[in-house]
Structure formats: C-alpha cells, structure tokens
>>> print(open('work-v4.pdb').read())   # PDB, C-alpha atoms and all ligand atoms
ATOM      1  CA  MET T 231       0.000   0.000   0.000  1.00  0.00           C
ATOM      2  CA  LYS T 232       1.285   3.455  -0.872  1.00  0.00           C
ATOM      3  CA  VAL T 233       0.157   7.045  -0.391  1.00  0.00           C
ATOM      4  CA  PHE T 234       0.761   9.585  -3.174  1.00  0.00           C
ATOM      5  CA  PRO T 235       0.047  13.218  -2.232  1.00  0.00           C
ATOM      6  CA  ILE T 236      -1.457  15.288  -5.061  1.00  0.00           C
ATOM      7  CA  GLN T 237      -0.520  18.921  -4.535  1.00  0.00           C
ATOM      8  CA  LEU T 238      -3.312  21.083  -5.925  1.00  0.00           C
ATOM      9  CA  ARG T 239      -3.659  24.875  -6.069  1.00  0.00           C
ATOM     10  CA  LEU T 240      -4.732  25.378  -2.432  1.00  0.00           C
ATOM     11  CA  SER T 241      -4.838  21.929  -0.864  1.00  0.00           C
ATOM     12  CA  ASN T 242      -3.539  18.375  -1.034  1.00  0.00           C
ATOM     13  CA  ALA T 243      -5.569  15.395  -2.221  1.00  0.00           C
ATOM     14  CA  PHE T 244      -4.228  11.854  -1.824  1.00  0.00           C
ATOM     15  CA  LEU T 245      -4.166   8.794  -4.017  1.00  0.00           C
ATOM     16  CA  VAL T 246      -3.917   5.664  -1.857  1.00  0.00           C
ATOM     17  CA  ILE T 247      -3.081   2.501  -3.762  1.00  0.00           C
ATOM     18  CA  GLY T 248      -3.857  -0.796  -2.086  1.00  0.00           C
ATOM     19  CA  ASP T 249      -5.530  -3.731  -3.847  1.00  0.00           C
ATOM     20  CA  HIS T 250      -7.592  -0.957  -5.450  1.00  0.00           C
ATOM     21  CA  PRO T 251      -6.892   2.784  -5.689  1.00  0.00           C
ATOM     22  CA  ILE T 252      -8.961   5.227  -3.628  1.00  0.00           C
ATOM     23  CA  LEU T 253      -8.942   9.038  -3.625  1.00  0.00           C
ATOM     24  CA  ILE T 254      -8.926  11.086  -0.426  1.00  0.00           C
ATOM     25  CA  ASP T 255     -10.322  14.609  -1.063  1.00  0.00           C
ATOM     26  CA  THR T 256     -10.881  16.301  -4.414  1.00  0.00           C
ATOM     27  CA  GLY T 257      -9.332  19.779  -4.140  1.00  0.00           C
ATOM     28  CA  SER T 258     -11.110  23.026  -5.022  1.00  0.00           C
ATOM     29  CA  PRO T 259     -13.700  23.586  -7.772  1.00  0.00           C
ATOM     30  CA  GLY T 260     -12.182  23.118 -11.240  1.00  0.00           C
ATOM     31  CA  GLU T 261      -9.422  20.667 -10.252  1.00  0.00           C
ATOM     32  CA  MET T 262     -10.772  17.434 -11.744  1.00  0.00           C
ATOM     33  CA  ASP T 263      -8.322  17.576 -14.645  1.00  0.00           C
ATOM     34  CA  ALA T 264      -5.350  18.135 -12.321  1.00  0.00           C
ATOM     35  CA  ILE T 265      -6.411  15.108 -10.268  1.00  0.00           C
ATOM     36  CA  ALA T 266      -6.905  12.989 -13.399  1.00  0.00           C
ATOM     37  CA  ALA T 267      -3.425  14.002 -14.590  1.00  0.00           C
ATOM     38  CA  ALA T 268      -1.851  13.018 -11.244  1.00  0.00           C
ATOM     39  CA  LEU T 269      -3.587   9.624 -11.396  1.00  0.00           C
ATOM     40  CA  ALA T 270      -2.480   9.135 -15.011  1.00  0.00           C
ATOM     41  CA  GLU T 271       1.155   9.418 -13.842  1.00  0.00           C
ATOM     42  CA  LYS T 272       0.502   6.220 -11.864  1.00  0.00           C
ATOM     43  CA  ARG T 273      -1.353   4.735 -14.866  1.00  0.00           C
ATOM     44  CA  ILE T 274      -4.672   4.953 -13.061  1.00  0.00           C
ATOM     45  CA  HIS T 275      -7.889   6.335 -14.558  1.00  0.00           C
ATOM     46  CA  LEU T 276     -10.513   8.090 -12.450  1.00  0.00           C
ATOM     47  CA  ARG T 277     -13.008   5.344 -13.314  1.00  0.00           C
ATOM     48  CA  GLU T 278     -10.816   2.749 -11.558  1.00  0.00           C
ATOM     49  CA  LEU T 279     -11.219   4.416  -8.136  1.00  0.00           C
ATOM     50  CA  ALA T 280     -12.989   2.146  -5.644  1.00  0.00           C
ATOM     51  CA  LEU T 281     -13.905   5.064  -3.373  1.00  0.00           C
ATOM     52  CA  ILE T 282     -13.687   8.831  -2.951  1.00  0.00           C
ATOM     53  CA  LEU T 283     -13.546   9.881   0.714  1.00  0.00           C
ATOM     54  CA  LEU T 284     -13.871  13.486   1.862  1.00  0.00           C
ATOM     55  CA  THR T 285     -11.892  14.368   5.014  1.00  0.00           C
ATOM     56  CA  HIS T 286     -14.507  17.127   5.480  1.00  0.00           C
ATOM     57  CA  GLY T 287     -16.992  19.208   3.538  1.00  0.00           C
ATOM     58  CA  HIS T 288     -15.029  22.388   2.796  1.00  0.00           C
ATOM     59  CA  ALA T 289     -14.829  23.770  -0.754  1.00  0.00           C
ATOM     60  CA  ASP T 290     -11.059  23.218  -1.014  1.00  0.00           C
ATOM     61  CA  HIS T 291     -11.500  19.456  -0.345  1.00  0.00           C
ATOM     62  CA  ALA T 292     -14.970  18.612  -1.691  1.00  0.00           C
ATOM     63  CA  GLY T 293     -14.716  21.136  -4.536  1.00  0.00           C
ATOM     64  CA  SER T 294     -14.248  18.748  -7.468  1.00  0.00           C
ATOM     65  CA  ALA T 295     -16.181  15.726  -6.150  1.00  0.00           C
ATOM     66  CA  GLY T 296     -19.327  16.741  -8.073  1.00  0.00           C
ATOM     67  CA  PRO T 297     -17.681  17.001 -11.503  1.00  0.00           C
ATOM     68  CA  ILE T 298     -15.811  13.700 -10.993  1.00  0.00           C
ATOM     69  CA  ARG T 299     -19.034  11.978 -10.003  1.00  0.00           C
ATOM     70  CA  MET T 300     -21.049  13.497 -12.848  1.00  0.00           C
ATOM     71  CA  ASN T 301     -20.123  10.674 -15.220  1.00  0.00           C
ATOM     72  CA  LEU T 302     -18.441   8.079 -13.027  1.00  0.00           C
ATOM     73  CA  PRO T 303     -20.325   5.880 -10.543  1.00  0.00           C
ATOM     74  CA  ILE T 304     -17.616   5.963  -7.869  1.00  0.00           C
ATOM     75  CA  PRO T 305     -19.010   5.805  -4.309  1.00  0.00           C
ATOM     76  CA  LEU T 306     -18.485   9.053  -2.392  1.00  0.00           C
ATOM     77  CA  ALA T 307     -18.113   8.860   1.400  1.00  0.00           C
ATOM     78  CA  CYS T 308     -18.502  11.688   3.907  1.00  0.00           C
ATOM     79  CA  HIS T 309     -19.160  11.909   7.646  1.00  0.00           C
ATOM     80  CA  ASN T 310     -22.811  12.491   8.635  1.00  0.00           C
ATOM     81  CA  ALA T 311     -22.072  15.872  10.182  1.00  0.00           C
ATOM     82  CA  ASP T 312     -20.616  17.345   6.953  1.00  0.00           C
ATOM     83  CA  VAL T 313     -23.164  15.834   4.523  1.00  0.00           C
ATOM     84  CA  GLU T 314     -25.359  18.941   4.577  1.00  0.00           C
ATOM     85  CA  MET T 315     -22.429  21.172   3.553  1.00  0.00           C
ATOM     86  CA  VAL T 316     -21.577  18.887   0.618  1.00  0.00           C
ATOM     87  CA  ARG T 317     -25.207  18.669  -0.496  1.00  0.00           C
ATOM     88  CA  LYS T 318     -25.519  22.452  -0.428  1.00  0.00           C
ATOM     89  CA  GLY T 319     -22.127  23.088  -1.991  1.00  0.00           C
ATOM     90  CA  GLU T 320     -21.304  25.768   0.545  1.00  0.00           C
ATOM     91  CA  ASN T 321     -18.984  26.037   3.574  1.00  0.00           C
ATOM     92  CA  ARG T 322     -20.607  26.460   6.987  1.00  0.00           C
ATOM     93  CA  PRO T 323     -19.499  29.589   8.861  1.00  0.00           C
ATOM     94  CA  PHE T 324     -16.334  29.060  10.951  1.00  0.00           C
ATOM     95  CA  GLU T 325     -14.157  31.010  13.372  1.00  0.00           C
ATOM     96  CA  THR T 326     -10.876  32.385  12.058  1.00  0.00           C
ATOM     97  CA  ILE T 327      -7.799  31.922  14.250  1.00  0.00           C
ATOM     98  CA  GLY T 328      -5.226  34.710  14.094  1.00  0.00           C
ATOM     99  CA  LEU T 329      -4.635  37.590  11.666  1.00  0.00           C
ATOM    100  CA  GLU T 330      -3.216  35.461   8.832  1.00  0.00           C
ATOM    101  CA  ALA T 331      -6.488  33.470   8.866  1.00  0.00           C
ATOM    102  CA  LYS T 332      -8.538  36.559   8.048  1.00  0.00           C
ATOM    103  CA  ILE T 333      -6.390  37.155   4.982  1.00  0.00           C
ATOM    104  CA  VAL T 334      -6.507  33.486   3.961  1.00  0.00           C
ATOM    105  CA  LYS T 335     -10.298  33.410   4.347  1.00  0.00           C
ATOM    106  CA  SER T 336     -10.692  36.052   1.655  1.00  0.00           C
ATOM    107  CA  PHE T 337      -9.078  33.943  -1.073  1.00  0.00           C
ATOM    108  CA  VAL T 338     -10.275  30.407  -0.316  1.00  0.00           C
ATOM    109  CA  PRO T 339     -13.419  29.242  -2.157  1.00  0.00           C
ATOM    110  CA  HIS T 340     -16.638  29.009  -0.126  1.00  0.00           C
ATOM    111  CA  LYS T 341     -18.978  27.558  -2.758  1.00  0.00           C
ATOM    112  CA  PHE T 342     -18.593  24.471  -4.927  1.00  0.00           C
ATOM    113  CA  PRO T 343     -20.655  22.120  -7.128  1.00  0.00           C
ATOM    114  CA  ARG T 344     -23.104  20.362  -4.833  1.00  0.00           C
ATOM    115  CA  ILE T 345     -23.189  16.580  -4.581  1.00  0.00           C
ATOM    116  CA  ALA T 346     -25.018  13.952  -2.525  1.00  0.00           C
ATOM    117  CA  PRO T 347     -22.649  11.480  -0.798  1.00  0.00           C
ATOM    118  CA  ASP T 348     -23.517   7.762  -1.218  1.00  0.00           C
ATOM    119  CA  ILE T 349     -21.864   6.576   1.985  1.00  0.00           C
ATOM    120  CA  LYS T 350     -22.513   8.425   5.234  1.00  0.00           C
ATOM    121  CA  PHE T 351     -21.041   7.253   8.508  1.00  0.00           C
ATOM    122  CA  GLU T 352     -20.842   8.266  12.135  1.00  0.00           C
ATOM    123  CA  ASN T 353     -17.959   6.684  14.054  1.00  0.00           C
ATOM    124  CA  GLU T 354     -15.835   4.591  11.700  1.00  0.00           C
ATOM    125  CA  LEU T 355     -15.623   3.443   8.117  1.00  0.00           C
ATOM    126  CA  HIS T 356     -13.509   0.392   7.307  1.00  0.00           C
ATOM    127  CA  LEU T 357     -11.558   0.669   4.086  1.00  0.00           C
ATOM    128  CA  ASP T 358     -10.764  -3.036   3.612  1.00  0.00           C
ATOM    129  CA  GLN T 359     -13.972  -3.390   1.587  1.00  0.00           C
ATOM    130  CA  TYR T 360     -12.524  -0.845  -0.880  1.00  0.00           C
ATOM    131  CA  GLY T 361      -9.169  -2.587  -1.157  1.00  0.00           C
ATOM    132  CA  VAL T 362      -7.198  -0.481   1.330  1.00  0.00           C
ATOM    133  CA  ALA T 363      -5.907  -1.768   4.680  1.00  0.00           C
ATOM    134  CA  GLY T 364      -7.053   0.878   7.122  1.00  0.00           C
ATOM    135  CA  LYS T 365      -9.997   2.728   8.571  1.00  0.00           C
ATOM    136  CA  VAL T 366     -11.532   6.181   8.845  1.00  0.00           C
ATOM    137  CA  ILE T 367     -12.156   7.666  12.300  1.00  0.00           C
ATOM    138  CA  HIS T 368     -14.164  10.715  13.392  1.00  0.00           C
ATOM    139  CA  THR T 369     -11.871  13.619  14.370  1.00  0.00           C
ATOM    140  CA  PRO T 370     -14.094  16.714  14.736  1.00  0.00           C
ATOM    141  CA  GLY T 371     -13.033  20.289  15.516  1.00  0.00           C
ATOM    142  CA  HIS T 372     -12.045  21.876  12.216  1.00  0.00           C
ATOM    143  CA  THR T 373     -15.563  20.886  11.117  1.00  0.00           C
ATOM    144  CA  ALA T 374     -18.108  18.743  12.972  1.00  0.00           C
ATOM    145  CA  GLY T 375     -17.701  16.014  10.348  1.00  0.00           C
ATOM    146  CA  SER T 376     -13.900  16.023   9.938  1.00  0.00           C
ATOM    147  CA  VAL T 377     -12.393  12.544   9.677  1.00  0.00           C
ATOM    148  CA  SER T 378      -8.906  11.024   9.565  1.00  0.00           C
ATOM    149  CA  VAL T 379      -7.658   7.988   7.679  1.00  0.00           C
ATOM    150  CA  ILE T 380      -5.550   5.559   9.712  1.00  0.00           C
ATOM    151  CA  LEU T 381      -3.652   3.187   7.435  1.00  0.00           C
ATOM    152  CA  ASP T 382      -2.195  -0.153   8.517  1.00  0.00           C
ATOM    153  CA  ASN T 383       1.212   0.873   7.079  1.00  0.00           C
ATOM    154  CA  GLY T 384       1.711   3.412   9.907  1.00  0.00           C
ATOM    155  CA  GLU T 385       0.665   6.479   7.930  1.00  0.00           C
ATOM    156  CA  ALA T 386      -2.331   8.715   8.564  1.00  0.00           C
ATOM    157  CA  ILE T 387      -4.170  11.318   6.452  1.00  0.00           C
ATOM    158  CA  ILE T 388      -5.749  13.824   8.839  1.00  0.00           C
ATOM    159  CA  GLY T 389      -7.185  16.479   6.523  1.00  0.00           C
ATOM    160  CA  ASP T 390      -7.371  19.881   8.229  1.00  0.00           C
ATOM    161  CA  VAL T 391      -7.116  18.661  11.851  1.00  0.00           C
ATOM    162  CA  LEU T 392      -3.693  20.386  11.618  1.00  0.00           C
ATOM    163  CA  ARG T 393      -1.902  22.254   8.860  1.00  0.00           C
ATOM    164  CA  GLY T 394       1.782  22.179   7.907  1.00  0.00           C
ATOM    165  CA  GLY T 395       3.626  25.504   7.901  1.00  0.00           C
ATOM    166  CA  TYR T 396       2.613  28.929   6.682  1.00  0.00           C
ATOM    167  CA  PHE T 397       0.825  30.108   3.530  1.00  0.00           C
ATOM    168  CA  GLY T 398      -0.460  26.696   2.514  1.00  0.00           C
ATOM    169  CA  GLY T 399       2.834  25.011   3.301  1.00  0.00           C
ATOM    170  CA  THR T 400       5.012  27.386   1.253  1.00  0.00           C
ATOM    171  CA  LEU T 401       7.065  28.075   4.374  1.00  0.00           C
ATOM    172  CA  LEU T 402       8.109  25.433   6.977  1.00  0.00           C
ATOM    173  CA  ARG T 403       5.741  22.865   5.503  1.00  0.00           C
ATOM    174  CA  HIS T 404       6.677  20.165   8.022  1.00  0.00           C
ATOM    175  CA  LYS T 405       5.858  22.307  11.077  1.00  0.00           C
ATOM    176  CA  PRO T 406       2.528  21.347  12.733  1.00  0.00           C
ATOM    177  CA  MET T 407       0.272  24.364  13.157  1.00  0.00           C
ATOM    178  CA  THR T 408      -3.262  25.000  14.351  1.00  0.00           C
ATOM    179  CA  HIS T 409      -5.434  25.407  11.261  1.00  0.00           C
ATOM    180  CA  TYR T 410      -6.664  28.875  10.314  1.00  0.00           C
ATOM    181  CA  PHE T 411     -10.284  27.867  10.785  1.00  0.00           C
ATOM    182  CA  ALA T 412     -12.270  25.818  13.291  1.00  0.00           C
ATOM    183  CA  GLU T 413     -15.922  25.202  14.031  1.00  0.00           C
ATOM    184  CA  ASP T 414     -14.992  24.030  17.522  1.00  0.00           C
ATOM    185  CA  LEU T 415     -11.406  24.629  18.634  1.00  0.00           C
ATOM    186  CA  THR T 416     -11.896  22.677  21.910  1.00  0.00           C
ATOM    187  CA  LYS T 417     -12.325  19.434  19.962  1.00  0.00           C
ATOM    188  CA  ILE T 418      -8.964  19.590  18.165  1.00  0.00           C
ATOM    189  CA  LYS T 419      -6.843  18.229  21.038  1.00  0.00           C
ATOM    190  CA  PRO T 420      -9.096  15.211  21.807  1.00  0.00           C
ATOM    191  CA  SER T 421      -9.193  14.449  18.076  1.00  0.00           C
ATOM    192  CA  LEU T 422      -5.387  14.601  17.858  1.00  0.00           C
ATOM    193  CA  GLU T 423      -5.125  12.316  20.890  1.00  0.00           C
ATOM    194  CA  LYS T 424      -7.461   9.866  19.174  1.00  0.00           C
ATOM    195  CA  ILE T 425      -5.264   9.912  16.051  1.00  0.00           C
ATOM    196  CA  MET T 426      -1.984   9.568  17.989  1.00  0.00           C
ATOM    197  CA  ALA T 427      -3.380   6.589  19.969  1.00  0.00           C
ATOM    198  CA  HIS T 428      -2.964   4.653  16.691  1.00  0.00           C
ATOM    199  CA  GLU T 429       0.750   5.579  16.738  1.00  0.00           C
ATOM    200  CA  PRO T 430       1.121   6.807  13.157  1.00  0.00           C
ATOM    201  CA  ARG T 431       4.735   7.644  12.237  1.00  0.00           C
ATOM    202  CA  LYS T 432       3.831   9.994   9.369  1.00  0.00           C
ATOM    203  CA  LEU T 433       0.825  12.314   9.149  1.00  0.00           C
ATOM    204  CA  TYR T 434      -0.366  13.816   5.874  1.00  0.00           C
ATOM    205  CA  VAL T 435      -2.376  17.052   6.090  1.00  0.00           C
ATOM    206  CA  GLY T 436      -4.611  19.025   3.745  1.00  0.00           C
ATOM    207  CA  HIS T 437      -2.194  21.971   3.495  1.00  0.00           C
ATOM    208  CA  GLY T 438       1.609  21.625   3.610  1.00  0.00           C
ATOM    209  CA  GLY T 439       3.079  18.606   5.397  1.00  0.00           C
ATOM    210  CA  PRO T 440       3.669  15.753   5.844  1.00  0.00           C
ATOM    211  CA  LEU T 441       4.287  15.888   9.598  1.00  0.00           C
ATOM    212  CA  SER T 442       6.382  13.487  11.685  1.00  0.00           C
ATOM    213  CA  ALA T 443       4.881  11.828  14.772  1.00  0.00           C
ATOM    214  CA  GLU T 444       7.582  13.486  16.928  1.00  0.00           C
ATOM    215  CA  SER T 445       6.733  16.981  15.681  1.00  0.00           C
ATOM    216  CA  VAL T 446       3.020  16.430  16.355  1.00  0.00           C
ATOM    217  CA  GLN T 447       3.766  15.169  19.869  1.00  0.00           C
ATOM    218  CA  ARG T 448       5.851  18.292  20.563  1.00  0.00           C
ATOM    219  CA  TYR T 449       3.044  20.448  19.197  1.00  0.00           C
ATOM    220  CA  MET T 450       0.490  18.722  21.459  1.00  0.00           C
ATOM    221  CA  GLN T 451       2.589  19.386  24.566  1.00  0.00           C
ATOM    222  CA  ASN T 452       2.140  23.098  23.937  1.00  0.00           C
ATOM    223  CA  LEU T 453      -1.606  22.949  23.367  1.00  0.00           C
TER
HETATM  224 ZN    ZN T 501     -11.095  22.831   5.817  1.00  0.00          ZN
HETATM  225 ZN    ZN T 502      -8.506  22.932   3.713  1.00  0.00          ZN
END
>>> encode(input="work-v4.pdb", output="structure tokens")
Amino acid sequence: MKVFPIQLRLSNAFLVIGDHPILIDTGSPGEMDAIAAALAEKRIHLRELALILLTHGHADHAGSAGPIRMNLPIPLACHNADVEMVRKGENRPFETIGLEAKIVKSFVPHKFPRIAPDIKFENELHLDQYGVAGKVIHTPGHTAGSVSVILDNGEAIIGDVLRGGYFGGTLLRHKPMTHYFAEDLTKIKPSLEKIMAHEPRKLYVGHGGPLSAESVQRYMQNL
C-alpha cells in the first residue's frame, strides 16, 4: 500500500493505492483535470477508483467531487455531520484563528458544485472493503464532520485537523500548526489524541506537510 500526495492549487488530495486505488479529497472547484493528470502518472484512470472519501466538507476538499461523479459511478463517502455542507455546496461559517487566517479566508473558495454522498457514517468506516488496509475515524473540531484515515502501514491522512507551515505550506511545511479555521477549537486536542493513539509515524495534512509523529507530539505538549 502506498500514499501519493497530489498537490493542488490550495490543498492536497491523496491517491492511496492498495488492492484498489482510492482518492482522499478532491481539491477546489475546477481541479478534476489536475487530479486525473496526477492519477495518469501512476497509470490509473478516475473510473478505476474504488472510493472517494472526503476528510470534510469544505470547498477546497470537496470542490471537485461533483464534476468527478457526474459521469463516473464511484461511491463518495462523507461523515454524517458534513453531509449537509456537501449537499448544499457551501462552507458552513467558521471562526478564524489569528490575523493570517482573516487574509486566507478572503481567497479560499466558499462555494462548490453540490453533490449527494452515497456513503454516510458516524464513528468509523472500514476501508478493507474498498481494497485499502485501514480505517476512517471521526476527528471533529475543524468541522463537525472532519475525519482522519488511519492506514495499517503506519501512515495517517488527517485532513485539516492540523496544517503544515505557513501560507499553505510554502514556508516550513513540516511544522505542525493549528489550522486557520475551526468550528470548535476545543475538539482539536481530543481528536489529535485519538489519532496519535494509533501511533502513526507519518501524518499527511490538507495543506503543507507531511508531519512526523515526533513533531506532532511536541506540538500537542504546547496545546
Ligand atoms: Zn477545511
Ligand atoms: Zn482545507
């Protein structure tokens, strides 16, 4: 099993190749072609995906799910608590954290093509049935329906639970940082503890990264 980050304009999506390929997140609106091109480098076509999972329902992660699904019957999975956002194609309001966040907020997309997820879940989603050894766990805070992927190979994909570095990872991309936005900041630490209980050695994030387990542990000590 292998994880291939796909660096898009504002965010990272991830191709995970196990017995079948799955896609984690879909970037911002208008990025279907960029995702298809990244898959083509691994000789994979979009139609071969066994699953598309959204780490959460924000426009820079769910933004191209609709266009991909328009013609391809790939199951789309999303946590119950973020389904409404994805169906509406619009971010819920969130708190900004710090001055940089206010600037960032003005240039991230807030609307995207709406889509109805096929698979909705509450606590966990096992990925073995889609050909990937691992599971999805609920890690709220950034949004109520944020989830993290825990893979059996010791890697984790945690979406926007944390971010790496400044300005979308342009600077110090491996430094764990509190994300610019949160629906409920008090839930971030318990969610991180839940992730770290699985002892991942490498953590992929939606912006910048990846992060080492040691750097995340140091970050948590200061929370
Ligand atoms: Zn987000
Ligand atoms: Zn994001």
>>> closest_atom_pairs(input="work-v4.pdb", of="chain T", to="ligand ZN 502 (chain T)", cutoff="10 Å", atoms="only C-alpha atoms and all ligand atoms", output="Markdown table")
| residue | atom | partner | partner_atom | distance |
| --- | --- | --- | --- | --- |
| T:Leu240 | CA | T:ZN502 | ZN | 7.6 |
| T:Ser241 | CA | T:ZN502 | ZN | 6.0 |
| T:Asn242 | CA | T:ZN502 | ZN | 8.2 |
| T:Asp255 | CA | T:ZN502 | ZN | 9.8 |
| T:Gly257 | CA | T:ZN502 | ZN | 8.5 |
| T:Ser258 | CA | T:ZN502 | ZN | 9.1 |
| T:Thr285 | CA | T:ZN502 | ZN | 9.3 |
| T:His286 | CA | T:ZN502 | ZN | 8.5 |
| T:Gly287 | CA | T:ZN502 | ZN | 9.3 |
| T:His288 | CA | T:ZN502 | ZN | 6.6 |
| T:Ala289 | CA | T:ZN502 | ZN | 7.8 |
| T:Asp290 | CA | T:ZN502 | ZN | 5.4 |
| T:His291 | CA | T:ZN502 | ZN | 6.1 |
| T:Ala292 | CA | T:ZN502 | ZN | 9.5 |
| T:Val338 | CA | T:ZN502 | ZN | 8.7 |
| T:Pro339 | CA | T:ZN502 | ZN | 9.9 |
| T:His372 | CA | T:ZN502 | ZN | 9.3 |
| T:Gly389 | CA | T:ZN502 | ZN | 7.2 |
| T:Asp390 | CA | T:ZN502 | ZN | 5.6 |
| T:Val391 | CA | T:ZN502 | ZN | 9.3 |
| T:Leu392 | CA | T:ZN502 | ZN | 9.6 |
| T:Arg393 | CA | T:ZN502 | ZN | 8.4 |
| T:Gly398 | CA | T:ZN502 | ZN | 9.0 |
| T:His409 | CA | T:ZN502 | ZN | 8.5 |
| T:Tyr410 | CA | T:ZN502 | ZN | 9.1 |
| T:Phe411 | CA | T:ZN502 | ZN | 8.8 |
| T:Val435 | CA | T:ZN502 | ZN | 8.8 |
| T:Gly436 | CA | T:ZN502 | ZN | 5.5 |
| T:His437 | CA | T:ZN502 | ZN | 6.4 |
>>> write_last_selection(input="work-v4.pdb", atoms="C-alpha atoms", output="mmCIF file, keeping the file's coordinate frame")
data_model
loop_
_atom_site.group_PDB
_atom_site.id
_atom_site.type_symbol
_atom_site.label_atom_id
_atom_site.label_comp_id
_atom_site.auth_asym_id
_atom_site.auth_seq_id
_atom_site.Cartn_x
_atom_site.Cartn_y
_atom_site.Cartn_z
ATOM 1 C CA LEU T 240 -4.732 25.378 -2.432
ATOM 2 C CA SER T 241 -4.838 21.929 -0.864
ATOM 3 C CA ASN T 242 -3.539 18.375 -1.034
ATOM 4 C CA ASP T 255 -10.322 14.609 -1.063
ATOM 5 C CA GLY T 257 -9.332 19.779 -4.140
ATOM 6 C CA SER T 258 -11.110 23.026 -5.022
ATOM 7 C CA THR T 285 -11.892 14.368 5.014
ATOM 8 C CA HIS T 286 -14.507 17.127 5.480
ATOM 9 C CA GLY T 287 -16.992 19.208 3.538
ATOM 10 C CA HIS T 288 -15.029 22.388 2.796
ATOM 11 C CA ALA T 289 -14.829 23.770 -0.754
ATOM 12 C CA ASP T 290 -11.059 23.218 -1.014
ATOM 13 C CA HIS T 291 -11.500 19.456 -0.345
ATOM 14 C CA ALA T 292 -14.970 18.612 -1.691
ATOM 15 C CA VAL T 338 -10.275 30.407 -0.316
ATOM 16 C CA PRO T 339 -13.419 29.242 -2.157
ATOM 17 C CA HIS T 372 -12.045 21.876 12.216
ATOM 18 C CA GLY T 389 -7.185 16.479 6.523
ATOM 19 C CA ASP T 390 -7.371 19.881 8.229
ATOM 20 C CA VAL T 391 -7.116 18.661 11.851
ATOM 21 C CA LEU T 392 -3.693 20.386 11.618
ATOM 22 C CA ARG T 393 -1.902 22.254 8.860
ATOM 23 C CA GLY T 398 -0.460 26.696 2.514
ATOM 24 C CA HIS T 409 -5.434 25.407 11.261
ATOM 25 C CA TYR T 410 -6.664 28.875 10.314
ATOM 26 C CA PHE T 411 -10.284 27.867 10.785
ATOM 27 C CA VAL T 435 -2.376 17.052 6.090
ATOM 28 C CA GLY T 436 -4.611 19.025 3.745
ATOM 29 C CA HIS T 437 -2.194 21.971 3.495
#
>>> closest_residue(input="work-v4.pdb", among="T:Ala386, T:Ile380, T:Ala427, T:Leu284", to="ligand ZN 501 (chain T)", atoms="all atoms listed in the file")
T:Leu284
>>> resolve_selection(input="work-v4.pdb", expression="the PyMOL selection byres (((chain T and resi 307-321) around 6) and not hetatm)", output="JSON, numbers by chain")
{"T": [283, 284, 287, 288, 306, 322, 340, 341, 342, 343, 344, 345, 346, 347, 349, 350, 351, 352, 374, 375]}
>>> atom_distance(input="work-v4.pdb", atom1="CA of Thr256 in chain T", atom2="CA of Met450 in chain T")
28.4 Å
>>> residues_around(input="work-v4.pdb", residues="range 440-444 of chain T", least_positions_apart="4", cutoff="6 Å", atoms="all atoms listed in the file", output="list of chain:residue names")
T:His404, T:Arg431, T:Lys432, T:Leu433, T:Tyr434
>>> write_last_selection(input="work-v4.pdb", atoms="C-alpha atoms", output="compact mmCIF listing (two decimals), keeping the file's coordinate frame")
# COMPACT_ATOMS: atom_id res chain seq x y z
CA HIS T 404 6.68 20.16 8.02
CA ARG T 431 4.74 7.64 12.24
CA LYS T 432 3.83 9.99 9.37
CA LEU T 433 0.82 12.31 9.15
CA TYR T 434 -0.37 13.82 5.87
>>> closest_residue(input="work-v4.pdb", among="T:Ala295, T:Ile274, T:Ala243, T:Met231", to="Pro259 in chain T", atoms="all atoms listed in the file")
T:Ala295
>>> residues_around(input="work-v4.pdb", residues="Glu354 in chain T", least_positions_apart="6", cutoff="8 Å", atoms="all atoms listed in the file", output="list of chain:residue names")
T:Lys365, T:Val366, T:Ile367, T:His368
>>> closest_residue(input="work-v4.pdb", among="T:Pro370, T:Gly260, T:Pro251, T:Pro305", to="ligand ZN 501 (chain T)", atoms="only C-alpha atoms and all ligand atoms")
T:Pro370
>>> closest_residue(input="work-v4.pdb", among="T:Val334, T:His250, T:His428, T:Leu381", to="Tyr396 in chain T", atoms="only C-alpha atoms")
T:Val334
>>> closest_residue(input="work-v4.pdb", among="T:Met262, T:His275, T:Val379, T:Leu329", to="Pro297 in chain T", atoms="all atoms listed in the file")
T:Met262
>>> atom_distance(input="work-v4.pdb", atom1="CA of Ser376 in chain T", atom2="CA of Asp414 in chain T")
11.1 Å
>>> atom_distance(input="work-v4.pdb", atom1="CA of Leu453 in chain T", atom2="CA of Pro420 in chain T")
10.9 Å
>>> closest_residue(input="work-v4.pdb", among="T:Glu413, T:Glu385, T:Asp348, T:Glu271", to="ligand ZN 501 (chain T)", atoms="only C-alpha atoms and all ligand atoms")
T:Glu413
>>> axis_aligned_box(input="work-v4.pdb", around="range 416-432 of chain T", padding_each_side="8 Å", output="AutoDock Vina command-line options")
--center_x -3.8 --center_y 13.7 --center_z 15.6 --size_x 33.1 --size_y 34.0 --size_z 28.5
>>> resolve_selection(input="work-v4.pdb", expression="the PyMOL selection byres (((chain T and resi 244) around 6) and not hetatm)", output="PyMOL selection string")
chain T and resi 234-236+243+245+253-254
>>> write_last_selection(input="work-v4.pdb", atoms="C-alpha atoms", output="tab-separated table (two decimals), in the coordinates of the input")
chain	number	residue	atom	x	y	z
T	234	PHE	CA	0.76	9.59	-3.17
T	235	PRO	CA	0.05	13.22	-2.23
T	236	ILE	CA	-1.46	15.29	-5.06
T	243	ALA	CA	-5.57	15.40	-2.22
T	245	LEU	CA	-4.17	8.79	-4.02
T	253	LEU	CA	-8.94	9.04	-3.62
T	254	ILE	CA	-8.93	11.09	-0.43
